[in-house]
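Colleague: Here you go, model_5.cif (mmCIF, C-alpha atoms and all ligand atoms):
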```cif
data_input
#
loop_
_atom_site.label_atom_id
_atom_site.label_comp_id
_atom_site.auth_asym_id
_atom_site.auth_seq_id
_atom_site.Cartn_x
_atom_site.Cartn_y
_atom_site.Cartn_z
CA MET A 51 60.87 -17.36 -29.81
CA ARG A 52 63.93 -15.17 -30.02
CA ASP A 53 67.32 -16.63 -29.23
CA LEU A 54 67.95 -16.50 -25.49
CA ASP A 55 71.47 -15.20 -26.05
CA GLU A 56 70.00 -12.23 -27.93
CA LEU A 57 67.63 -11.55 -25.01
CA ARG A 58 70.50 -11.88 -22.52
CA GLY A 59 72.46 -9.24 -24.41
CA LEU A 60 69.49 -6.90 -24.55
CA ALA A 61 68.84 -7.41 -20.82
CA LYS A 62 72.43 -6.43 -20.06
CA LYS A 63 72.01 -3.32 -22.17
CA ALA A 64 68.70 -2.43 -20.50
CA ALA A 65 70.33 -2.68 -17.06
CA GLN A 66 72.57 0.23 -18.01
CA GLN A 67 69.47 2.46 -17.98
CA ALA A 68 68.40 1.46 -14.46
CA TYR A 69 67.62 4.10 -11.87
CA ALA A 70 68.88 2.41 -8.71
CA PRO A 71 70.40 4.96 -6.31
CA TYR A 72 69.13 3.10 -3.23
CA SER A 73 69.82 -0.59 -3.81
CA LEU A 74 72.76 0.05 -6.16
CA LEU A 75 71.45 -3.01 -8.03
CA ARG A 76 70.97 -2.32 -11.72
CA VAL A 77 68.58 -4.79 -13.34
CA GLY A 78 67.57 -5.16 -16.96
CA ALA A 79 65.03 -7.43 -18.58
CA ALA A 80 64.41 -8.29 -22.22
CA LEU A 81 61.46 -10.36 -23.31
CA SER A 82 60.15 -11.76 -26.54
CA SER A 83 56.46 -12.00 -27.20
CA ALA A 84 54.63 -14.82 -28.92
CA ALA A 85 54.15 -12.35 -31.78
CA GLY A 86 57.93 -12.21 -32.18
CA CYS A 87 58.60 -8.74 -30.84
CA VAL A 88 61.15 -7.77 -28.19
CA TYR A 89 60.60 -5.38 -25.28
CA THR A 90 62.95 -4.30 -22.54
CA GLY A 91 62.73 -2.76 -19.11
CA CYS A 92 64.92 -1.69 -16.21
CA ASN A 93 64.35 -1.19 -12.51
CA VAL A 94 63.22 2.28 -11.48
CA GLU A 95 63.57 3.00 -7.76
CA ASN A 96 62.12 5.80 -5.70
CA GLY A 97 62.95 7.47 -2.39
CA ALA A 98 59.56 6.21 -1.24
CA LEU A 99 60.99 2.70 -1.50
CA PRO A 100 57.84 0.55 -1.96
CA ILE A 101 56.80 2.34 -5.14
CA GLY A 102 59.93 1.40 -7.03
CA GLY A 103 59.47 -1.02 -9.92
CA CYS A 104 61.25 -4.09 -11.25
CA ALA A 105 62.77 -4.51 -14.69
CA GLU A 106 60.64 -7.53 -15.54
CA ARG A 107 57.34 -5.79 -14.89
CA ALA A 108 58.55 -2.68 -16.72
CA ALA A 109 59.21 -4.83 -19.79
CA ILE A 110 55.81 -6.51 -19.45
CA ALA A 111 54.08 -3.12 -19.21
CA THR A 112 55.81 -2.00 -22.39
CA ALA A 113 54.78 -5.21 -24.15
CA VAL A 114 51.15 -4.83 -23.10
CA GLN A 115 51.19 -1.21 -24.19
CA ALA A 116 52.36 -2.32 -27.63
CA GLU A 117 50.37 -5.52 -28.13
CA GLY A 118 47.37 -5.06 -25.84
CA ALA A 119 45.56 -7.88 -24.10
CA ALA A 120 46.72 -10.34 -26.76
CA PHE A 121 50.30 -10.14 -25.46
CA ARG A 122 51.75 -13.52 -24.54
CA LEU A 123 55.21 -14.00 -23.09
CA ALA A 124 57.51 -16.37 -24.97
CA ALA A 125 60.81 -15.81 -23.15
CA ILE A 126 62.54 -13.35 -20.86
CA ALA A 127 66.12 -12.75 -19.78
CA VAL A 128 67.08 -10.90 -16.60
CA ALA A 129 70.53 -9.44 -15.96
CA ALA A 130 71.78 -7.60 -12.88
CA PHE A 131 74.88 -5.60 -12.11
CA ALA A 132 76.53 -3.85 -9.21
CA THR A 133 77.46 -0.21 -9.71
CA ASP A 134 81.06 -1.27 -10.43
CA GLY A 135 79.79 -3.31 -13.37
CA ALA A 136 80.14 -6.72 -11.75
CA GLN A 137 77.47 -9.14 -12.93
CA LEU A 138 75.28 -10.47 -10.13
CA PRO A 139 73.08 -13.58 -9.88
CA VAL A 140 69.51 -12.33 -9.53
CA SER A 141 66.32 -14.26 -10.19
CA PRO A 142 62.89 -12.63 -10.64
CA CYS A 143 61.30 -11.60 -7.33
CA GLY A 144 58.03 -13.15 -6.19
CA ALA A 145 55.87 -10.35 -7.56
CA CYS A 146 57.54 -10.60 -10.95
CA ARG A 147 57.12 -14.38 -10.98
CA GLN A 148 53.39 -13.85 -10.56
CA ALA A 149 53.43 -11.29 -13.37
CA LEU A 150 55.38 -13.65 -15.65
CA VAL A 151 52.99 -16.57 -15.27
CA GLU A 152 50.02 -14.30 -15.95
CA PHE A 153 51.32 -13.90 -19.50
CA GLY A 154 53.10 -17.19 -20.09
CA ALA A 155 53.51 -20.06 -17.63
CA GLU A 156 55.36 -21.95 -20.38
CA ALA A 157 57.70 -19.04 -21.13
CA ALA A 158 61.44 -19.58 -20.85
CA VAL A 159 63.08 -17.52 -18.11
CA THR A 160 66.85 -17.13 -18.01
CA PHE A 161 69.04 -15.49 -15.39
CA ARG A 162 72.51 -15.89 -13.91
CA GLN A 163 73.44 -18.44 -11.29
CA PRO A 164 76.01 -17.76 -8.53
CA ASP A 165 78.67 -19.57 -10.58
CA GLY A 166 78.10 -17.12 -13.46
CA SER A 167 76.32 -19.54 -15.75
CA TRP A 168 72.83 -18.85 -17.11
CA ILE A 169 69.96 -21.06 -16.04
CA GLU A 170 66.84 -21.55 -18.15
CA VAL A 171 63.57 -22.50 -16.46
CA LEU A 172 59.87 -22.31 -17.23
CA ALA A 173 58.04 -19.38 -15.65
CA GLY A 174 55.47 -21.75 -14.14
CA ASP A 175 58.23 -23.75 -12.46
CA LEU A 176 59.41 -20.59 -10.66
CA LEU A 177 56.01 -20.20 -9.02
CA PRO A 178 54.19 -23.54 -8.88
CA TRP A 179 51.53 -22.41 -6.39
CA ARG A 180 50.78 -19.13 -8.09
CA PHE A 181 47.64 -17.17 -7.40
CA VAL A 182 44.88 -17.72 -9.94
CA MET A 183 41.76 -15.59 -9.79
CA PRO A 184 38.89 -18.05 -9.18
CA ASN A 185 35.96 -18.10 -11.53
CA ARG A 186 32.94 -16.52 -9.85
ZN ZN B 1 60.55 -8.11 -9.40
#
```
The structure given in the file should be rewritten as structure tokens.
Modeller:
Amino acid sequence: MRDLDELRGLAKKAAQQAYAPYSLLRVGAALSSAAGCVYTGCNVENGALPIGGCAERAAIATAVQAEGAAFRLAAIAVAAFATDGAQLPVSPCGACRQALVEFGAEAAVTFRQPDGSWIEVLAGDLLPWRFVMPNR
């Protein structure tokens, strides 16, 4: 697994690419795969608000594109900023939590707390009652 500080730095950099004219919340994500590669993503909003996408799922889509169905999530960092550059405490949304556990319930997830420190938790702990497709 890549160093979480490295992922935090890459998440901050990815947030600079965000397209967020509606929420004014610029979010970046950087993840490492079990194969040792790093992928990033940013939020991409749309005037038709529900079709906008989160940084975490953008990074996951890039990882799957590169590694295919074998992709497994090792760690992910999420960083968020206001348009004035102030860092904001943002945790993955519910939809992203579901996406994270799909690829790695044991993955490390790190994001800022309100006091400015970074927390590190397991993806599965962010969504303990996640949906699992039943075997049929
Ligand atoms: Zn999300």
Colleague: So which residues touch range 90-95 of chain A within 8 Å, counting only C-alpha atoms, skipping near sequence neighbours fewer than 6 positions away, as a PyMOL selection string?
Modeller: chain A and resi 60-61+64-65+67-72+76-81+101-110+112
Colleague: Tell me, in Å to one decimal, how far CA of Ala124 in chain A is from CA of Ala157 in chain A.
Modeller: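 It comes out at 4.7 Å.
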Colleague: Could you list, as a PyMOL selection string, all residues that come within 6 Å of ligand ZN 1 (chain B)? Count all atoms listed in the file.
Modeller: chain A and resi 104+142-143+145-146
Colleague: Output the selection as a short mmCIF file (atom, residue, chain, number, x, y, z; two decimals), keeping the file's coordinate frame - C-alpha atoms for each residue.
Modeller:
```
data_model
loop_
_atom_site.label_atom_id
_atom_site.label_comp_id
_atom_site.auth_asym_id
_atom_site.auth_seq_id
_atom_site.Cartn_x
_atom_site.Cartn_y
_atom_site.Cartn_z
CA CYS A 104 61.25 -4.09 -11.25
CA PRO A 142 62.89 -12.63 -10.64
CA CYS A 143 61.30 -11.60 -7.33
CA ALA A 145 55.87 -10.35 -7.56
CA CYS A 146 57.54 -10.60 -10.95
#
```
Colleague: Nearest to Glu56 in chain A: which of A:Gly97, A:Thr160, A:Glu117, A:Leu123 is it, counting only C-alpha atoms?
Modeller: A:Thr160
Colleague: From the options A:Val151, A:Leu138, A:Ala84, A:Ala173, which residue's atoms come nearest to Arg122 in chain A, counting all atoms listed in the file?
Modeller: A:Ala84
Colleague: Between A:Ala158, A:Ala132, A:Leu54, A:Ala120, which one has atoms that come closest to Leu74 in chain A, using only C-alpha atoms?
Modeller: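 Counting only C-alpha atoms, the residue closest to Leu74 in chain A is A:Ala132.
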Colleague: Hey, can you check how far CA of Leu177 in chain A sits from CA of Arg162 in chain A?
Modeller: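 We find that CA of Leu177 in chain A and CA of Arg162 in chain A lie 17.7 Å from each other.
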